[in-house]
$ cat model-v8.cif   # mmCIF, C-alpha atoms, pLDDT in the B column; chains and numbers go by the auth columns
data_entry
#
loop_
_atom_site.group_PDB
_atom_site.id
_atom_site.type_symbol
_atom_site.label_atom_id
_atom_site.label_comp_id
_atom_site.label_asym_id
_atom_site.label_seq_id
_atom_site.Cartn_x
_atom_site.Cartn_y
_atom_site.Cartn_z
_atom_site.B_iso_or_equiv
_atom_site.auth_seq_id
_atom_site.auth_asym_id
ATOM 1 C CA MET A 1 15.309 9.191 -7.568 54.00 147 A
ATOM 2 C CA LYS A 2 18.993 9.920 -7.231 58.00 148 A
ATOM 3 C CA GLY A 3 21.332 12.048 -9.291 61.00 149 A
ATOM 4 C CA PRO A 4 21.607 15.787 -9.910 62.00 150 A
ATOM 5 C CA TYR A 5 17.800 16.207 -10.178 62.00 151 A
ATOM 6 C CA PRO A 6 16.337 14.329 -7.201 69.00 152 A
ATOM 7 C CA CYS A 7 12.611 13.741 -7.369 76.00 153 A
ATOM 8 C CA GLN A 8 9.969 11.147 -6.501 81.00 154 A
ATOM 9 C CA ILE A 9 8.257 8.489 -8.591 80.00 155 A
ATOM 10 C CA LEU A 10 4.564 7.981 -7.831 84.00 156 A
ATOM 11 C CA THR A 11 3.157 4.654 -9.025 81.00 157 A
ATOM 12 C CA ALA A 12 -0.212 2.947 -9.365 84.00 158 A
ATOM 13 C CA VAL A 13 -0.127 -0.815 -9.854 82.00 159 A
ATOM 14 C CA GLY A 14 -3.030 -3.232 -10.132 81.00 160 A
ATOM 15 C CA LEU A 15 -3.792 -6.912 -10.552 77.00 161 A
ATOM 16 C CA ASP A 16 -4.641 -8.488 -13.873 76.00 162 A
ATOM 17 C CA SER A 17 -7.135 -11.336 -14.203 77.00 163 A
ATOM 18 C CA ASN A 18 -4.371 -13.889 -13.489 78.00 164 A
ATOM 19 C CA ASN A 19 -3.283 -12.159 -10.250 74.00 165 A
ATOM 20 C CA GLY A 20 -0.245 -10.793 -12.059 74.00 166 A
ATOM 21 C CA ILE A 21 1.172 -7.328 -11.560 75.00 167 A
ATOM 22 C CA TYR A 22 -0.181 -4.787 -14.012 78.00 168 A
ATOM 23 C CA PRO A 23 1.431 -1.318 -13.812 78.00 169 A
ATOM 24 C CA LEU A 24 -1.253 1.295 -14.443 82.00 170 A
ATOM 25 C CA ALA A 25 0.610 4.588 -14.257 83.00 171 A
ATOM 26 C CA TYR A 26 3.563 6.404 -12.837 81.00 172 A
ATOM 27 C CA ALA A 27 4.622 10.014 -12.599 84.00 173 A
ATOM 28 C CA ILE A 28 7.816 11.814 -11.727 81.00 174 A
ATOM 29 C CA VAL A 29 7.221 14.709 -9.330 87.00 175 A
ATOM 30 C CA GLU A 30 9.434 17.130 -7.437 85.00 176 A
ATOM 31 C CA ILE A 31 8.103 16.245 -3.993 86.00 177 A
ATOM 32 C CA GLU A 32 5.726 13.724 -2.490 87.00 178 A
ATOM 33 C CA ASN A 33 2.883 15.620 -0.842 91.00 179 A
ATOM 34 C CA CYS A 34 -0.902 15.914 -0.961 92.00 180 A
ATOM 35 C CA GLU A 35 -0.896 18.192 -4.015 94.00 181 A
ATOM 36 C CA SER A 36 1.325 15.899 -6.118 93.00 182 A
ATOM 37 C CA TRP A 37 -0.789 12.869 -5.131 92.00 183 A
ATOM 38 C CA LYS A 38 -3.999 14.727 -5.984 94.00 184 A
ATOM 39 C CA TRP A 39 -2.627 15.646 -9.410 94.00 185 A
ATOM 40 C CA PHE A 40 -1.472 12.048 -10.022 92.00 186 A
ATOM 41 C CA LEU A 41 -4.766 10.507 -8.849 91.00 187 A
ATOM 42 C CA LYS A 42 -6.800 12.993 -10.887 92.00 188 A
ATOM 43 C CA CYS A 43 -4.849 12.020 -14.026 92.00 189 A
ATOM 44 C CA LEU A 44 -5.222 8.331 -13.147 90.00 190 A
ATOM 45 C CA GLY A 45 -8.951 8.759 -12.557 89.00 191 A
ATOM 46 C CA ASP A 46 -9.390 10.607 -15.859 89.00 192 A
ATOM 47 C CA ASP A 47 -7.456 7.977 -17.812 88.00 193 A
ATOM 48 C CA LEU A 48 -9.291 5.017 -16.250 85.00 194 A
ATOM 49 C CA ASP A 49 -12.716 6.708 -16.079 84.00 195 A
ATOM 50 C CA LEU A 50 -12.806 6.359 -12.293 81.00 196 A
ATOM 51 C CA TYR A 51 -15.715 8.423 -11.075 77.00 197 A
ATOM 52 C CA VAL A 52 -16.057 9.854 -7.601 75.00 198 A
ATOM 53 C CA MET A 53 -18.700 7.329 -6.552 72.00 199 A
ATOM 54 C CA PHE A 54 -16.912 4.259 -7.973 76.00 200 A
ATOM 55 C CA ASN A 55 -16.218 1.284 -5.721 74.00 201 A
ATOM 56 C CA PHE A 56 -12.523 0.439 -5.753 79.00 202 A
ATOM 57 C CA THR A 57 -9.749 -0.092 -3.206 81.00 203 A
ATOM 58 C CA PHE A 58 -6.361 1.549 -2.699 83.00 204 A
ATOM 59 C CA VAL A 59 -3.668 -0.320 -0.757 83.00 205 A
ATOM 60 C CA SER A 60 -0.734 1.818 0.320 83.00 206 A
ATOM 61 C CA ASP A 61 1.975 2.249 2.891 78.00 207 A
ATOM 62 C CA ILE A 62 0.481 5.577 3.996 71.00 208 A
ATOM 63 C CA GLN A 63 2.707 7.805 1.865 73.00 209 A
ATOM 64 C CA LYS A 64 2.896 11.506 2.614 76.00 210 A
ATOM 65 C CA GLY A 65 -0.324 13.188 1.508 84.00 211 A
ATOM 66 C CA LEU A 66 -1.863 10.112 -0.135 87.00 212 A
ATOM 67 C CA LEU A 67 -4.493 9.526 2.545 85.00 213 A
ATOM 68 C CA GLN A 68 -5.869 13.069 2.210 89.00 214 A
ATOM 69 C CA ALA A 69 -5.702 12.983 -1.601 91.00 215 A
ATOM 70 C CA VAL A 70 -7.676 9.732 -1.835 88.00 216 A
ATOM 71 C CA SER A 71 -10.325 10.893 0.632 87.00 217 A
ATOM 72 C CA GLN A 72 -10.767 14.203 -1.212 90.00 218 A
ATOM 73 C CA LEU A 73 -10.880 12.844 -4.775 90.00 219 A
ATOM 74 C CA PHE A 74 -12.510 9.449 -4.194 88.00 220 A
ATOM 75 C CA PRO A 75 -14.588 9.628 -0.996 86.00 221 A
ATOM 76 C CA CYS A 76 -16.315 6.280 -1.691 83.00 222 A
ATOM 77 C CA ALA A 77 -13.107 4.352 -2.320 83.00 223 A
ATOM 78 C CA LYS A 78 -11.720 2.024 0.314 82.00 224 A
ATOM 79 C CA HIS A 79 -8.188 2.746 1.507 82.00 225 A
ATOM 80 C CA ARG A 80 -6.184 -0.016 3.123 85.00 226 A
ATOM 81 C CA PHE A 81 -2.799 0.144 4.767 87.00 227 A
ATOM 82 C CA CYS A 82 -0.031 -2.332 3.994 86.00 228 A
ATOM 83 C CA LEU A 83 0.361 -4.616 6.994 89.00 229 A
ATOM 84 C CA ARG A 84 4.094 -4.998 6.426 88.00 230 A
ATOM 85 C CA HIS A 85 4.539 -1.239 6.836 88.00 231 A
ATOM 86 C CA ILE A 86 2.401 -1.253 9.983 91.00 232 A
ATOM 87 C CA HIS A 87 4.685 -4.000 11.295 92.00 233 A
ATOM 88 C CA GLU A 88 7.797 -1.984 10.357 90.00 234 A
ATOM 89 C CA ASN A 89 6.452 0.934 12.402 91.00 235 A
ATOM 90 C CA MET A 90 5.569 -1.425 15.235 94.00 236 A
ATOM 91 C CA LYS A 91 9.115 -2.820 15.258 93.00 237 A
ATOM 92 C CA LYS A 92 10.476 0.580 16.206 94.00 238 A
ATOM 93 C CA GLN A 93 9.212 -0.103 19.738 94.00 239 A
ATOM 94 C CA TRP A 94 8.349 -3.803 19.842 94.00 240 A
ATOM 95 C CA ARG A 95 10.827 -6.012 17.993 91.00 241 A
ATOM 96 C CA THR A 96 10.172 -9.635 18.891 93.00 242 A
ATOM 97 C CA LYS A 97 8.398 -12.206 16.741 94.00 243 A
ATOM 98 C CA GLU A 98 5.541 -12.437 19.252 95.00 244 A
ATOM 99 C CA TYR A 99 4.419 -8.918 18.363 95.00 245 A
ATOM 100 C CA LYS A 100 4.401 -9.784 14.668 94.00 246 A
ATOM 101 C CA ASP A 101 2.374 -12.917 15.416 95.00 247 A
ATOM 102 C CA HIS A 102 -0.169 -10.927 17.428 96.00 248 A
ATOM 103 C CA LEU A 103 -0.445 -8.347 14.636 96.00 249 A
ATOM 104 C CA TRP A 104 -1.016 -11.014 11.970 95.00 250 A
ATOM 105 C CA ASP A 105 -3.552 -12.840 14.143 96.00 251 A
ATOM 106 C CA CYS A 106 -5.534 -9.619 14.515 96.00 252 A
ATOM 107 C CA ALA A 107 -5.239 -8.715 10.829 94.00 253 A
ATOM 108 C CA THR A 108 -6.228 -12.125 9.438 93.00 254 A
ATOM 109 C CA ALA A 109 -9.162 -12.730 11.775 94.00 255 A
ATOM 110 C CA THR A 110 -12.253 -13.097 9.617 91.00 256 A
ATOM 111 C CA THR A 111 -14.900 -12.014 12.132 94.00 257 A
ATOM 112 C CA VAL A 112 -15.084 -9.036 14.455 95.00 258 A
ATOM 113 C CA LEU A 113 -15.506 -11.418 17.410 97.00 259 A
ATOM 114 C CA GLU A 114 -12.286 -13.228 16.479 97.00 260 A
ATOM 115 C CA PHE A 115 -10.533 -9.866 15.917 97.00 261 A
ATOM 116 C CA ASN A 116 -11.596 -8.668 19.384 97.00 262 A
ATOM 117 C CA HIS A 117 -10.320 -11.920 20.888 97.00 263 A
ATOM 118 C CA TYR A 118 -6.872 -11.456 19.319 97.00 264 A
ATOM 119 C CA MET A 119 -6.771 -7.781 20.278 97.00 265 A
ATOM 120 C CA HIS A 120 -7.567 -8.818 23.851 97.00 266 A
ATOM 121 C CA GLN A 121 -4.711 -11.357 23.696 97.00 267 A
ATOM 122 C CA LEU A 122 -2.373 -8.545 22.592 96.00 268 A
ATOM 123 C CA SER A 123 -3.572 -6.307 25.435 96.00 269 A
ATOM 124 C CA LEU A 124 -2.738 -9.063 27.915 96.00 270 A
ATOM 125 C CA TYR A 125 0.683 -9.532 26.335 96.00 271 A
ATOM 126 C CA ASP A 126 1.554 -5.799 26.154 96.00 272 A
ATOM 127 C CA ASN A 127 -1.002 -3.081 26.830 96.00 273 A
ATOM 128 C CA LEU A 128 1.109 -0.310 25.264 96.00 274 A
ATOM 129 C CA ALA A 129 1.405 -2.243 21.978 96.00 275 A
ATOM 130 C CA TYR A 130 -2.347 -2.870 22.121 97.00 276 A
ATOM 131 C CA LYS A 131 -3.079 0.851 22.535 96.00 277 A
ATOM 132 C CA TRP A 132 -0.699 1.711 19.687 96.00 278 A
ATOM 133 C CA LEU A 133 -2.357 -0.774 17.327 96.00 279 A
ATOM 134 C CA LYS A 134 -5.844 0.251 18.434 95.00 280 A
ATOM 135 C CA SER A 135 -5.049 3.831 17.350 94.00 281 A
ATOM 136 C CA ILE A 136 -4.970 2.642 13.708 93.00 282 A
ATOM 137 C CA PRO A 137 -8.564 2.265 12.450 92.00 283 A
ATOM 138 C CA PRO A 138 -9.147 -1.474 11.827 94.00 284 A
ATOM 139 C CA GLN A 139 -11.144 -0.877 8.633 89.00 285 A
ATOM 140 C CA HIS A 140 -7.798 0.009 7.029 87.00 286 A
ATOM 141 C CA TRP A 141 -5.862 -3.132 7.967 90.00 287 A
ATOM 142 C CA ALA A 142 -8.016 -5.918 9.509 91.00 288 A
ATOM 143 C CA LYS A 143 -9.901 -8.399 7.298 90.00 289 A
ATOM 144 C CA SER A 144 -12.775 -8.637 9.760 90.00 290 A
ATOM 145 C CA TYR A 145 -13.571 -4.958 9.172 89.00 291 A
ATOM 146 C CA PHE A 146 -13.298 -5.038 5.372 84.00 292 A
ATOM 147 C CA THR A 147 -16.648 -4.408 3.730 78.00 293 A
ATOM 148 C CA GLY A 148 -18.095 -6.747 1.158 72.00 294 A
ATOM 149 C CA ARG A 149 -17.855 -3.979 -1.442 69.00 295 A
ATOM 150 C CA ALA A 150 -14.188 -4.603 -2.180 62.00 296 A
ATOM 151 C CA THR A 151 -13.423 -7.795 -4.066 60.00 297 A
ATOM 152 C CA ILE A 152 -9.840 -8.170 -2.888 65.00 298 A
ATOM 153 C CA ASP A 153 -8.593 -9.173 0.535 68.00 299 A
ATOM 154 C CA MET A 154 -4.909 -8.253 0.217 70.00 300 A
ATOM 155 C CA LEU A 155 -3.160 -7.074 3.357 75.00 301 A
ATOM 156 C CA LEU A 156 0.184 -6.268 1.750 69.00 302 A
ATOM 157 C CA ASN A 157 1.357 -3.733 -0.784 67.00 303 A
ATOM 158 C CA ASN A 158 3.573 -6.244 -2.610 66.00 304 A
ATOM 159 C CA LEU A 159 2.445 -4.995 -6.005 66.00 305 A
ATOM 160 C CA CYS A 160 4.184 -1.637 -5.741 64.00 306 A
ATOM 161 C CA GLU A 161 7.134 -3.133 -3.859 67.00 307 A
ATOM 162 C CA VAL A 162 7.850 -5.576 -6.693 68.00 308 A
ATOM 163 C CA PHE A 163 7.309 -2.882 -9.318 66.00 309 A
ATOM 164 C CA ASN A 164 9.617 -0.430 -7.533 67.00 310 A
ATOM 165 C CA GLY A 165 12.205 -3.186 -7.107 70.00 311 A
ATOM 166 C CA LYS A 166 12.315 -3.593 -10.893 66.00 312 A
ATOM 167 C CA LEU A 167 13.099 0.122 -11.297 66.00 313 A
ATOM 168 C CA VAL A 168 16.071 0.328 -8.925 67.00 314 A
ATOM 169 C CA ASP A 169 18.637 0.264 -11.739 65.00 315 A
ATOM 170 C CA GLY A 170 16.966 3.164 -13.545 65.00 316 A
ATOM 171 C CA ARG A 171 16.628 5.558 -10.618 65.00 317 A
ATOM 172 C CA ASP A 172 20.061 7.163 -10.934 69.00 318 A
ATOM 173 C CA LYS A 173 19.602 7.978 -14.624 69.00 319 A
ATOM 174 C CA PRO A 174 18.301 11.289 -16.034 70.00 320 A
ATOM 175 C CA ILE A 175 14.518 11.583 -16.074 66.00 321 A
ATOM 176 C CA ILE A 176 14.043 10.758 -19.774 68.00 322 A
ATOM 177 C CA ASN A 177 16.349 7.735 -19.489 70.00 323 A
ATOM 178 C CA THR A 178 14.439 6.591 -16.399 65.00 324 A
ATOM 179 C CA TYR A 179 11.237 6.772 -18.432 63.00 325 A
ATOM 180 C CA ILE A 180 12.796 4.788 -21.307 68.00 326 A
ATOM 181 C CA TYR A 181 14.374 2.273 -18.893 66.00 327 A
ATOM 182 C CA THR A 182 11.065 1.763 -17.108 63.00 328 A
ATOM 183 C CA TRP A 183 9.074 1.078 -20.256 63.00 329 A
ATOM 184 C CA ARG A 184 11.796 -1.089 -21.760 66.00 330 A
ATOM 185 C CA THR A 185 12.027 -3.151 -18.556 62.00 331 A
ATOM 186 C CA TRP A 186 8.255 -3.310 -18.418 58.00 332 A
ATOM 187 C CA ALA A 187 7.929 -4.528 -22.003 58.00 333 A
ATOM 188 C CA ILE A 188 10.873 -6.960 -22.057 55.00 334 A
ATOM 189 C CA ASN A 189 10.558 -8.538 -18.618 58.00 335 A
ATOM 190 C CA GLY A 190 6.782 -8.621 -18.620 55.00 336 A
ATOM 191 C CA PHE A 191 5.658 -7.510 -15.171 49.00 337 A
ATOM 192 C CA THR A 192 2.441 -9.431 -15.636 45.00 338 A
ATOM 193 C CA THR A 193 4.354 -12.689 -15.195 46.00 339 A
ATOM 194 C CA VAL A 194 5.321 -11.707 -11.649 44.00 340 A
ATOM 195 C CA ARG A 195 2.867 -12.980 -9.069 43.00 341 A
ATOM 196 C CA CYS A 196 2.121 -11.206 -5.841 40.00 342 A
ATOM 197 C CA LEU A 197 2.037 -12.990 -2.511 38.00 343 A
ATOM 198 C CA ARG A 198 -1.383 -13.880 -1.160 37.00 344 A
ATOM 199 C CA LEU A 199 -2.268 -14.619 2.446 34.00 345 A
#
$ encode --input "model-v8.cif" --output "structure tokens"
Amino acid sequence: MKGPYPCQILTAVGLDSNNGIYPLAYAIVEIENCESWKWFLKCLGDDLDLYVMFNFTFVSDIQKGLLQAVSQLFPCAKHRFCLRHIHENMKKQWRTKEYKDHLWDCATATTVLEFNHYMHQLSLYDNLAYKWLKSIPPQHWAKSYFTGRATIDMLLNNLCEVFNGKLVDGRDKPIINTYIYTWRTWAINGFTTVRCLRL
């Protein structure tokens, strides 16, 4: 958030039964770190009756402290990384479309054998890019490594991106006005009518 009192907005957004965006919770915190994420997730878990052993999936862009907070509070939950953010990090060194194509081939492969084939293709194309991608555990970003426990196969974090995009106009307002703006925008525009992109 901008203005004289800069802070961060933490959000949790889900899918409704029509694949529409359903904002679950948000919080305004001083700084984004493991402690603020743990507090936010604890409140979210209490409100939604999410128990430690529940089977659910987080999809994120690996925000500061979120990975540790999820693993500490919900050790049985699956945590996936947004593929678009992995690609953005990849583009810092490897910018061409071929790298994006290799990444998407690896991520959308539905079997481990097919995943290994595409990873091998990437290693032949550029071994350094292959080693960089291999350093990210595939269970967090590749469909072939997703367990059958999770009922969603999303690779992108479009839900939060769309939600945050709706709040841009309210970010430079005082905290109370941001809260009012958010809920008013939420109620009037109906976030649930916005559809997220599927692969």
$ residues_around --input "model-v8.cif" --residues "A:Ile177" --least-positions-apart "3" --cutoff "12 Å" --atoms "all atoms listed in the file" --output "list in words"
Met147, Tyr151, Pro152, Cys153, Gln154, Ile155, Leu156, Ala173, Ile174, Cys180, Glu181, Ser182, Trp183, Gln209, Lys210 and Gly211 of chain A
$ atom_distance --input "model-v8.cif" --atom1 "atom CA of A:Met236" --atom2 "atom CA of A:Thr293"
25.2 Å
$ resolve_selection --input "model-v8.cif" --expression "the PyMOL selection byres ((chain A and resi 169) around 7)" --output "list in words"
Ala158, Val159, Gly160, Ile167, Tyr168, Leu170 and Ala171 of chain A
$ write_last_selection --input "model-v8.cif" --atoms "C-alpha atoms" --output "PDB file, keeping the file's coordinate frame"
ATOM      1  CA  ALA A 158      -0.212   2.947  -9.365  1.00 84.00           C
ATOM      2  CA  VAL A 159      -0.127  -0.815  -9.854  1.00 82.00           C
ATOM      3  CA  GLY A 160      -3.030  -3.232 -10.132  1.00 81.00           C
ATOM      4  CA  ILE A 167       1.172  -7.328 -11.560  1.00 75.00           C
ATOM      5  CA  TYR A 168      -0.181  -4.787 -14.012  1.00 78.00           C
ATOM      6  CA  LEU A 170      -1.253   1.295 -14.443  1.00 82.00           C
ATOM      7  CA  ALA A 171       0.610   4.588 -14.257  1.00 83.00           C
TER       8      ALA A 171
END
$ residues_around --input "model-v8.cif" --residues "A:Leu229" --least-positions-apart "2" --cutoff "10 Å" --atoms "only C-alpha atoms" --output "ChimeraX atom specification"
/A:205-207,226-227,231-235,249-250,253,286-288,300-303
$ atom_distance --input "model-v8.cif" --atom1 "atom CA of A:Arg230" --atom2 "atom CA of A:Tyr264"
18.1 Å
$ axis_aligned_box --input "model-v8.cif" --around "stretch 265-272 of chain A" --padding-each-side "4 Å" --output "AutoDock Vina command-line options"
--center_x -3.0 --center_y -8.6 --center_z 24.1 --size_x 17.1 --size_y 13.6 --size_z 15.6
$ closest_residue --input "model-v8.cif" --among "A:Thr203, A:Leu212, A:Thr242, A:Pro283" --to "A:Glu178" --atoms "all atoms listed in the file"
A:Leu212
$ closest_atom_pairs --input "model-v8.cif" --of "stretch 218-267 of chain A" --to "stretch 190-200 of chain A" --cutoff "7 Å" --atoms "only C-alpha atoms" --output "CSV"
residue,atom,partner,partner_atom,distance
A:Leu219,CA,A:Val198,CA,6.6
A:Phe220,CA,A:Val198,CA,4.9
A:Pro221,CA,A:Val198,CA,6.8
A:Cys222,CA,A:Met199,CA,5.5
A:Ala223,CA,A:Phe200,CA,6.8
$ atom_distance --input "model-v8.cif" --atom1 "atom CA of A:Gln214" --atom2 "atom CA of A:Asn179"
9.6 Å
$ closest_residue --input "model-v8.cif" --among "A:Asn164, A:Val175, A:Gly294, A:Ala275" --to "A:Lys238" --atoms "only C-alpha atoms"
A:Ala275
$ resolve_selection --input "model-v8.cif" --expression "the PyMOL selection byres ((chain A and resi 291) around 12)" --output "JSON list (two decimals) with C-alpha atoms, in the coordinates of the input"
[["chain", "number", "residue", "atom", "x", "y", "z"],
["A", 224, "LYS", "CA", -11.72, 2.02, 0.31],
["A", 226, "ARG", "CA", -6.18, -0.02, 3.12],
["A", 252, "CYS", "CA", -5.53, -9.62, 14.52],
["A", 253, "ALA", "CA", -5.24, -8.72, 10.83],
["A", 254, "THR", "CA", -6.23, -12.12, 9.44],
["A", 255, "ALA", "CA", -9.16, -12.73, 11.78],
["A", 256, "THR", "CA", -12.25, -13.10, 9.62],
["A", 257, "THR", "CA", -14.90, -12.01, 12.13],
["A", 258, "VAL", "CA", -15.08, -9.04, 14.46],
["A", 259, "LEU", "CA", -15.51, -11.42, 17.41],
["A", 260, "GLU", "CA", -12.29, -13.23, 16.48],
["A", 261, "PHE", "CA", -10.53, -9.87, 15.92],
["A", 262, "ASN", "CA", -11.60, -8.67, 19.38],
["A", 283, "PRO", "CA", -8.56, 2.26, 12.45],
["A", 284, "PRO", "CA", -9.15, -1.47, 11.83],
["A", 285, "GLN", "CA", -11.14, -0.88, 8.63],
["A", 286, "HIS", "CA", -7.80, 0.01, 7.03],
["A", 287, "TRP", "CA", -5.86, -3.13, 7.97],
["A", 288, "ALA", "CA", -8.02, -5.92, 9.51],
["A", 289, "LYS", "CA", -9.90, -8.40, 7.30],
["A", 290, "SER", "CA", -12.78, -8.64, 9.76],
["A", 292, "PHE", "CA", -13.30, -5.04, 5.37],
["A", 293, "THR", "CA", -16.65, -4.41, 3.73],
["A", 294, "GLY", "CA", -18.10, -6.75, 1.16],
["A", 295, "ARG", "CA", -17.86, -3.98, -1.44],
["A", 296, "ALA", "CA", -14.19, -4.60, -2.18],
["A", 299, "ASP", "CA", -8.59, -9.17, 0.54]]
